[in-house]
file coords_38.cif (mmCIF, C-alpha atoms)
data_coords
loop_
_atom_site.label_atom_id
_atom_site.label_comp_id
_atom_site.auth_asym_id
_atom_site.auth_seq_id
_atom_site.Cartn_x
_atom_site.Cartn_y
_atom_site.Cartn_z
CA MET A 686 0.00 0.00 0.00
CA ARG A 687 1.35 3.26 -1.05
CA GLY A 688 0.81 6.38 0.90
CA PHE A 689 1.02 9.96 -0.17
CA ILE A 690 2.57 12.60 1.92
CA VAL A 691 0.88 15.99 1.49
CA PRO A 692 3.28 18.75 2.39
CA GLY A 693 1.95 21.31 4.89
CA THR A 694 0.60 24.56 3.32
CA ASP A 695 1.31 28.01 4.87
CA GLN A 696 -1.62 30.45 4.02
CA ARG A 697 -0.26 33.46 5.86
CA GLY A 698 1.10 35.02 2.64
CA ALA A 699 -2.25 34.71 0.89
CA ALA A 700 -4.03 36.33 3.83
CA LEU A 701 -1.60 39.24 3.69
CA VAL A 702 -2.26 39.74 -0.01
CA ILE A 703 -6.02 39.67 0.53
CA THR A 704 -5.71 42.13 3.41
CA LEU A 705 -3.69 44.50 1.24
CA LEU A 706 -6.24 44.26 -1.57
CA VAL A 707 -9.09 45.01 0.81
CA LEU A 708 -7.14 47.94 2.27
CA ILE A 709 -6.43 49.33 -1.19
CA ALA A 710 -10.12 49.02 -2.09
CA LEU A 711 -11.10 50.86 1.08
CA ILE A 712 -8.58 53.61 0.34
CA VAL A 713 -9.96 54.00 -3.19
CA VAL A 714 -13.54 54.16 -1.89
CA ALA A 715 -12.56 56.64 0.83
CA ALA A 716 -10.72 58.80 -1.69
CA GLY A 717 -13.79 58.73 -3.91
CA LEU A 718 -15.99 59.77 -1.01
CA VAL A 719 -13.64 62.62 -0.11
CA THR A 720 -13.53 63.76 -3.73
CA THR A 721 -17.31 63.58 -3.98
CA SER A 722 -17.65 65.53 -0.74
CA VAL A 723 -15.29 68.25 -1.98
CA VAL A 724 -17.09 68.46 -5.33
CA ASN A 725 -20.48 68.63 -3.61
CA THR A 726 -19.19 71.36 -1.32
CA LYS A 727 -17.91 73.33 -4.31
CA ILE A 728 -21.20 72.85 -6.16
CA SER A 729 -23.13 73.91 -3.08
CA GLY A 730 -21.00 77.04 -2.70
CA THR A 731 -21.37 77.90 -6.39
CA ASP A 732 -25.14 77.43 -6.19
CA GLN A 733 -25.31 79.75 -3.20
CA ARG A 734 -23.31 82.43 -5.00
CA ARG A 735 -25.48 82.10 -8.09
CA ALA A 736 -28.65 82.39 -5.99
CA LYS A 737 -27.30 85.52 -4.28
CA ALA A 738 -26.27 86.95 -7.65
CA LEU A 739 -29.83 86.42 -8.92
CA ASP A 740 -31.21 88.22 -5.86
CA LEU A 741 -28.87 91.13 -6.59
CA ALA A 742 -29.92 91.26 -10.23
CA GLU A 743 -33.57 91.43 -9.18
CA ALA A 744 -32.71 94.24 -6.74
CA GLY A 745 -31.17 96.11 -9.66
CA VAL A 746 -34.41 95.77 -11.61
CA GLN A 747 -36.26 97.32 -8.66
CA GLU A 748 -33.93 100.34 -8.59
CA ALA A 749 -34.38 100.81 -12.34
CA VAL A 750 -38.17 100.69 -11.97
CA SER A 751 -37.95 103.26 -9.17
CA ARG A 752 -35.88 105.58 -11.36
CA ILE A 753 -38.39 105.22 -14.20
CA LYS A 754 -41.22 106.14 -11.82
CA SER A 755 -39.34 109.18 -10.51
CA GLY A 756 -38.79 110.51 -14.04
CA GLU A 757 -35.00 110.28 -13.81
CA VAL A 758 -35.06 107.82 -16.69
CA PRO A 759 -36.30 110.08 -19.49
CA GLY A 760 -39.74 109.44 -20.92
CA SER A 761 -38.54 111.12 -24.10
CA ASN A 762 -40.04 108.66 -26.60
CA ASN A 763 -36.66 108.64 -28.32
CA PRO A 764 -36.16 105.05 -29.55
CA LYS A 765 -32.40 105.39 -29.12
CA MET A 766 -32.62 106.52 -25.49
CA VAL A 767 -30.37 104.62 -23.07
CA ALA A 768 -30.17 105.27 -19.33
CA GLN A 769 -27.43 103.62 -17.28
CA ILE A 770 -27.21 103.52 -13.50
CA PHE A 771 -23.67 103.26 -12.15
CA LEU A 772 -22.24 102.09 -8.85
CA ALA A 773 -21.07 105.63 -8.20
CA ASN A 774 -22.19 108.89 -6.68
CA ALA A 775 -24.22 111.24 -8.87
CA GLY A 776 -21.23 113.49 -9.60
CA SER A 777 -18.90 110.65 -10.55
CA VAL A 778 -20.73 108.86 -13.35
CA PRO A 779 -19.02 108.33 -16.73
CA VAL A 780 -19.75 110.76 -19.56
CA LEU A 781 -22.17 109.19 -22.04
CA GLY A 782 -23.32 109.96 -25.57
CA THR A 783 -26.05 112.23 -26.92
CA ASP A 784 -28.94 109.80 -26.52
CA SER A 785 -27.73 108.43 -23.19
CA VAL A 786 -28.25 109.43 -19.57
CA GLY A 787 -25.91 108.45 -16.73
CA LEU A 788 -27.21 108.21 -13.17
CA GLY A 789 -25.50 107.44 -9.89
CA THR A 790 -27.01 104.65 -7.83
CA ALA A 791 -29.78 105.56 -5.40
CA GLN A 792 -28.54 103.02 -2.87
CA PRO A 793 -27.63 104.26 0.62
CA ALA A 794 -23.99 105.28 0.95
CA GLY A 795 -21.81 102.50 2.32
CA ASN A 796 -24.36 99.78 1.55
CA TRP A 797 -24.07 99.39 -2.19
CA LEU A 798 -25.21 96.10 -3.66
CA ASN A 799 -23.21 94.73 -6.56
CA TYR A 800 -25.81 94.82 -9.35
CA THR A 801 -24.11 97.40 -11.54
CA THR A 802 -20.63 98.75 -12.23
CA ALA A 803 -18.63 101.91 -11.59
CA SER A 804 -17.54 102.15 -15.23
CA ARG A 805 -19.45 101.47 -18.42
CA ASN A 806 -19.43 97.81 -19.49
CA LYS A 807 -21.82 94.95 -20.17
CA GLY A 808 -22.56 94.60 -16.45
CA THR A 809 -23.90 98.15 -16.05
CA LEU A 810 -27.54 98.44 -15.00
CA THR A 811 -29.21 99.61 -18.22
CA VAL A 812 -32.66 100.88 -19.17
CA LYS A 813 -33.80 101.44 -22.74
CA TYR A 814 -36.98 101.30 -24.75
CA MET A 815 -38.05 98.03 -26.32
CA THR A 816 -37.86 98.80 -30.04
CA ASP A 817 -37.90 97.19 -33.44
CA ALA A 818 -34.62 95.90 -34.88
CA SER A 819 -33.80 99.25 -36.51
CA ARG A 820 -34.48 101.17 -33.28
CA GLN A 821 -36.89 103.45 -35.08
CA ALA A 822 -40.17 102.49 -33.37
CA ILE A 823 -40.93 101.94 -29.68
CA TYR A 824 -43.09 99.00 -28.67
CA LYS A 825 -46.04 99.99 -26.50
CA TYR A 826 -48.60 98.14 -24.41
CA ASP A 827 -52.28 98.96 -24.89
CA ILE A 828 -54.62 96.90 -22.71
CA ASN A 829 -57.57 97.88 -24.90
CA LYS A 830 -56.12 96.26 -28.03
CA SER A 831 -56.71 92.65 -29.08
CA ILE A 832 -52.93 92.47 -29.53
CA PRO A 833 -51.74 94.69 -26.65
CA MET A 834 -48.13 95.08 -27.82
CA ASN A 835 -47.87 97.41 -30.79
CA THR A 836 -45.96 100.48 -31.96
CA LEU A 837 -48.83 102.97 -32.16
CA THR A 838 -50.84 103.25 -28.94
CA GLY A 839 -50.43 102.56 -25.25
CA MET A 840 -47.66 102.93 -22.68
CA PRO A 841 -44.02 102.58 -23.85
CA ILE A 842 -42.25 99.39 -22.80
CA TYR A 843 -38.88 99.70 -21.09
CA GLU A 844 -36.25 96.95 -21.19
CA ILE A 845 -34.13 96.65 -18.03
CA THR A 846 -30.90 94.62 -17.98
CA SER A 847 -29.45 93.95 -14.54
CA THR A 848 -26.49 91.73 -13.63
CA GLY A 849 -25.77 90.63 -10.07
CA VAL A 850 -22.25 89.49 -9.20
CA VAL A 851 -21.06 87.48 -6.18
CA GLY A 852 -17.44 86.34 -6.39
CA ASN A 853 -17.02 84.56 -9.71
CA ALA A 854 -20.75 83.90 -10.07
CA SER A 855 -23.07 86.21 -11.99
CA ARG A 856 -26.68 86.22 -13.03
CA THR A 857 -28.40 88.55 -15.51
CA VAL A 858 -32.08 89.45 -15.52
CA VAL A 859 -33.75 91.14 -18.49
CA ALA A 860 -37.15 92.57 -17.52
CA ASP A 861 -39.70 94.29 -19.75
CA VAL A 862 -41.84 96.78 -17.84
CA CYS A 863 -44.33 99.53 -18.57
CA ALA A 864 -46.37 101.94 -16.51
CA LYS A 865 -49.76 100.68 -15.47
CA PRO A 866 -52.34 102.31 -17.75
CA PHE A 867 -54.99 104.44 -16.09
CA ASN A 868 -58.62 104.78 -17.06
CA VAL A 869 -58.73 108.50 -16.41
CA ASN A 870 -62.03 109.79 -15.01
CA MET A 871 -61.94 113.54 -15.63
CA LYS A 872 -64.90 115.83 -14.95
CA GLY A 873 -63.32 118.92 -16.50
CA ALA A 874 -60.07 120.74 -17.17
CA LEU A 875 -60.56 122.25 -13.71
CA ALA A 876 -62.70 120.36 -11.21
CA SER A 877 -63.63 121.43 -7.68
CA GLY A 878 -66.06 120.26 -5.04
CA VAL A 879 -66.56 123.83 -3.79
CA ASP A 880 -67.08 127.30 -5.27
CA VAL A 881 -64.61 128.45 -7.92
CA LYS A 882 -63.46 132.06 -8.21
CA PHE A 883 -61.86 132.41 -11.62
CA THR A 884 -60.40 135.88 -12.18
CA GLY A 885 -57.32 137.73 -13.39
CA ASN A 886 -55.66 136.22 -16.46
CA ALA A 887 -56.41 132.58 -15.55
CA PHE A 888 -57.21 130.21 -18.41
CA SER A 889 -58.83 126.77 -18.36
CA CYS A 890 -59.44 124.80 -21.54
CA GLY A 891 -61.41 121.56 -21.71
CA TYR A 892 -60.65 120.80 -25.34
CA ASN A 893 -58.54 117.71 -25.95
CA HIS A 894 -55.02 118.59 -27.11
CA ARG A 895 -52.16 116.78 -28.79
CA ILE A 896 -49.47 115.41 -26.50
CA ASP A 897 -46.86 117.76 -28.01
CA THR A 898 -48.85 120.93 -27.25
CA PRO A 899 -46.50 123.58 -25.73
CA TYR A 900 -47.24 124.21 -22.05
CA ASP A 901 -48.02 127.92 -22.55
CA THR A 902 -50.45 127.45 -25.43
CA GLY A 903 -53.66 129.42 -24.93
CA VAL A 904 -52.41 131.88 -22.32
CA ASN A 905 -53.94 134.65 -24.43
CA GLY A 906 -57.11 132.74 -25.19
CA ARG A 907 -58.09 129.83 -27.38
CA ALA A 908 -58.29 131.68 -30.69
CA GLY A 909 -55.59 133.54 -32.59
CA VAL A 910 -51.81 133.43 -32.40
CA GLY A 911 -50.60 131.22 -29.56
CA GLY A 912 -54.08 129.79 -29.09
CA CYS A 913 -55.09 126.14 -28.73
CA ASN A 914 -56.50 125.92 -32.22
CA GLU A 915 -54.28 128.35 -34.11
CA SER A 916 -53.48 127.58 -37.73
CA PRO A 917 -51.61 125.67 -39.00
CA GLN A 918 -50.70 123.71 -35.84
CA HIS A 919 -54.24 123.00 -34.64
CA TRP A 920 -53.21 121.64 -31.25
CA GLU A 921 -56.72 120.34 -30.58
CA VAL A 922 -57.47 116.80 -31.75
CA GLY A 923 -61.22 117.27 -32.26
CA THR A 924 -62.44 114.46 -29.98
CA GLY A 925 -62.60 113.75 -26.25
CA ASP A 926 -63.48 117.33 -25.25
CA MET A 927 -64.97 118.22 -21.86
CA THR A 928 -66.06 121.21 -19.82
CA GLY A 929 -63.58 123.96 -18.98
CA ILE A 930 -64.62 124.29 -15.30
CA TRP A 931 -66.63 121.74 -13.31
CA SER A 932 -67.73 122.64 -9.79
CA GLY A 933 -69.88 121.27 -7.02
CA GLY A 934 -70.59 124.88 -6.06
CA ALA A 935 -70.84 128.22 -7.82
CA ILE A 936 -68.47 129.46 -10.53
CA ASN A 937 -67.54 133.14 -10.45
CA THR A 938 -65.44 134.55 -13.29
CA GLY A 939 -64.07 138.00 -13.90
CA GLY A 940 -61.26 140.07 -15.32
CA ALA A 941 -59.47 138.63 -18.33
CA ALA A 942 -59.99 135.03 -17.23
CA ASN A 943 -61.01 132.60 -19.98
CA ARG A 944 -62.61 129.19 -19.81
CA ASP A 945 -63.35 127.08 -22.85
CA GLY A 946 -64.74 123.62 -23.38
CA THR A 947 -67.96 121.79 -24.14
CA PRO A 948 -69.60 123.48 -22.30
CA PRO A 949 -67.26 126.20 -20.98
CA GLU A 950 -68.45 125.65 -17.38
CA GLN A 951 -70.75 123.49 -15.25
CA GLY A 952 -71.60 124.66 -11.74
CA GLY A 953 -73.67 123.09 -8.95
CA GLN A 954 -72.75 119.55 -9.98
CA PRO A 955 -73.14 116.55 -7.64
CA GLY A 956 -70.69 113.67 -7.27
CA PHE A 957 -67.27 115.21 -6.71
CA TYR A 958 -64.41 112.74 -6.26
CA ALA A 959 -64.08 110.90 -2.95
CA GLY A 960 -60.34 111.13 -3.47
CA PRO A 961 -57.70 111.53 -6.19
CA TRP A 962 -57.71 107.77 -6.82
CA GLU A 963 -61.08 108.10 -8.54
CA THR A 964 -59.59 110.40 -11.19
CA LEU A 965 -57.22 107.59 -12.18
CA GLY A 966 -59.64 104.69 -11.91
CA LEU A 967 -57.73 103.17 -8.98
CA THR A 968 -58.77 101.85 -5.60
CA GLN A 969 -57.69 103.91 -2.61
CA ALA A 970 -55.20 101.22 -1.56
CA ASN A 971 -53.66 101.00 -5.03
CA PHE A 972 -53.39 104.77 -5.24
CA TYR A 973 -51.43 105.10 -1.99
CA SER A 974 -49.22 102.18 -2.96
CA TRP A 975 -48.47 103.87 -6.29
CA ILE A 976 -47.95 107.40 -4.98
CA GLY A 977 -45.42 106.32 -2.34
CA ALA A 978 -44.73 107.49 1.19
CA ALA A 979 -46.00 110.88 2.34
CA GLN A 980 -43.61 113.82 2.57
CA ALA A 981 -44.04 116.57 5.14
CA ASN A 982 -42.44 119.26 2.97
CA VAL A 983 -42.40 120.16 -0.71
CA PRO A 984 -39.30 118.50 -2.25
CA ALA A 985 -36.85 120.35 -4.48
CA ASN A 986 -37.48 117.93 -7.36
CA LEU A 987 -41.07 118.35 -8.51
CA ASP A 988 -40.65 116.09 -11.55
CA GLN A 989 -42.21 113.11 -9.80
CA ASN A 990 -45.32 111.89 -8.03
CA ILE A 991 -45.55 113.74 -4.72
CA TYR A 992 -47.74 112.93 -1.74
CA LEU A 993 -47.76 115.71 0.86
CA ASP A 994 -49.11 115.14 4.36
CA ASN A 995 -48.00 117.18 7.35
CA ASP A 996 -49.62 115.16 10.14
CA GLY A 997 -50.25 111.63 8.88
CA THR A 998 -54.02 112.07 8.59
CA PRO A 999 -55.12 111.85 4.95
CA GLN A 1000 -57.45 114.50 3.51
CA ASN A 1001 -57.94 116.59 6.66
CA ALA A 1002 -56.85 119.80 4.86
CA SER A 1003 -54.32 120.67 7.58
CA GLY A 1004 -51.32 121.32 5.32
CA ASN A 1005 -50.12 124.72 4.13
CA TYR A 1006 -47.70 124.39 1.23
CA LYS A 1007 -46.05 126.84 -1.12
CA ILE A 1008 -44.45 126.05 -4.46
CA GLY A 1009 -42.06 128.58 -5.97
CA THR A 1010 -41.37 132.09 -4.74
#

call {"tool": "encode", "arguments": {"input": "coords_38.cif", "output": "structure tokens"}}
result
Amino acid sequence: MRGFIVPGTDQRGAALVITLLVLIALIVVAAGLVTTSVVNTKISGTDQRRAKALDLAEAGVQEAVSRIKSGEVPGSNNPKMVAQIFLANAGSVPVLGTDSVGLGTAQPAGNWLNYTTASRNKGTLTVKYMTDASRQAIYKYDINKSIPMNTLTGMPIYEITSTGVVGNASRTVVADVCAKPFNVNMKGALASGVDVKFTGNAFSCGYNHRIDTPYDTGVNGRAGVGGCNESPQHWEVGTGDMTGIWSGGAINTGGAANRDGTPPEQGGQPGFYAGPWETLGLTQANFYSWIGAAQANVPANLDQNIYLDNDGTPQNASGNYKIGT
């Protein structure tokens, strides 16, 4: 009988190799996890900066809208008009071209948000009219049209471009805005809930005039040179006329005062406005939201909507204001 002798086997080397392989695998996995964690952290940080940049861009749009409302962005109806708002004080803005207007930011000093630039470049907060490709016609919005956006009637549309920057992240917002149209409810060229004393060289004309009518037209009366309907200008459009003076009380005229319209005057009328919001077809809440905060004193800049209230109680007739000298 033959026997076989099986030599003893030492498996310690194999175990060491397996241990090393497992260790290497764990190191690779751990390295992958660390890399993934770093990448996720970077992505998270980038997302946060982009989100903040978007918030800044939207804040820039709000400043531009505010400057449109205040009249600082020209309502010139010039299709080539460009207004740029710089991250600078009013006296330090770059010099711009003929059709352009440069404004310093309205942000509080020392707290400027980074949604525009100090010098002129593609990141500057910019306002211009929305126009056709040739920049010859301004697009307008007319709520009464079946196709509201057109180039003939309605409120002009402004295009605002605002870029917010946080670190190396930036976001740009392009917003198209226009003034809310009003359904104007006028009773006359001059309307009062009480008696009207119309004397001296005062002049009130209820005829509907072209938008380009000079401000001093008619100071010497409706007819003749300098009048509302002088030839060949014919400032009156021929439709939409109303009374010259409308009053809830009596109307007393004298001197060289003139009033024209269809009819020239209407006294003793009921239904005077409950408030100025009715003249614009707005609710009281919408009117006060639109007009802005009350001011106790007459501001130096009168080219804006102004709400004066000396004691915080609306319509109590307690104010005493003077404009001019």

call {"tool": "atom_distance", "arguments": {"input": "coords_38.cif", "atom1": "atom CA of A:Ser932", "atom2": "atom CA of A:Ser877"}}
result
4.8 Å

call {"tool": "closest_residue", "arguments": {"input": "coords_38.cif", "among": "A:Asn799, A:Gln821, A:Ser777, A:Ser785", "to": "A:Val851", "atoms": "only C-alpha atoms"}}
result
A:Asn799

call {"tool": "residues_around", "arguments": {"input": "coords_38.cif", "residues": "A:Met871", "least_positions_apart": "2", "cutoff": "12 Å", "atoms": "only C-alpha atoms", "output": "list in words"}}
result
Phe867, Asn868, Val869, Gly873, Ala874, Leu875, Ala876, Ser877, Gly891, Asn893, Gly925, Asp926, Met927, Thr928, Gly929, Ile930, Trp931, Phe957, Tyr958, Pro961, Trp962, Glu963, Thr964, Leu965 and Gly966 of chain A

call {"tool": "residues_around", "arguments": {"input": "coords_38.cif", "residues": "stretch 981-993 of chain A", "least_positions_apart": "4", "cutoff": "7 Å", "atoms": "only C-alpha atoms", "output": "JSON, numbers by chain"}}
result
{"A": [755, 756, 976]}

call {"tool": "write_last_selection", "arguments": {"input": "coords_38.cif", "atoms": "C-alpha atoms", "output": "PDB file, in the frame of the given file"}}
result
ATOM      1  CA  SER A 755     -39.340 109.180 -10.510  1.00  0.00           C
ATOM      2  CA  GLY A 756     -38.790 110.510 -14.040  1.00  0.00           C
ATOM      3  CA  ILE A 976     -47.950 107.400  -4.980  1.00  0.00           C
TER       4      ILE A 976
END

call {"tool": "closest_residue", "arguments": {"input": "coords_38.cif", "among": "A:Val850, A:Ala775, A:Ala768, A:Met815", "to": "A:Thr801", "atoms": "all atoms listed in the file"}}
result
A:Val850

call {"tool": "atom_distance", "arguments": {"input": "coords_38.cif", "atom1": "atom CA of A:Ser751", "atom2": "atom CA of A:Gln792"}}
result
11.3 Å
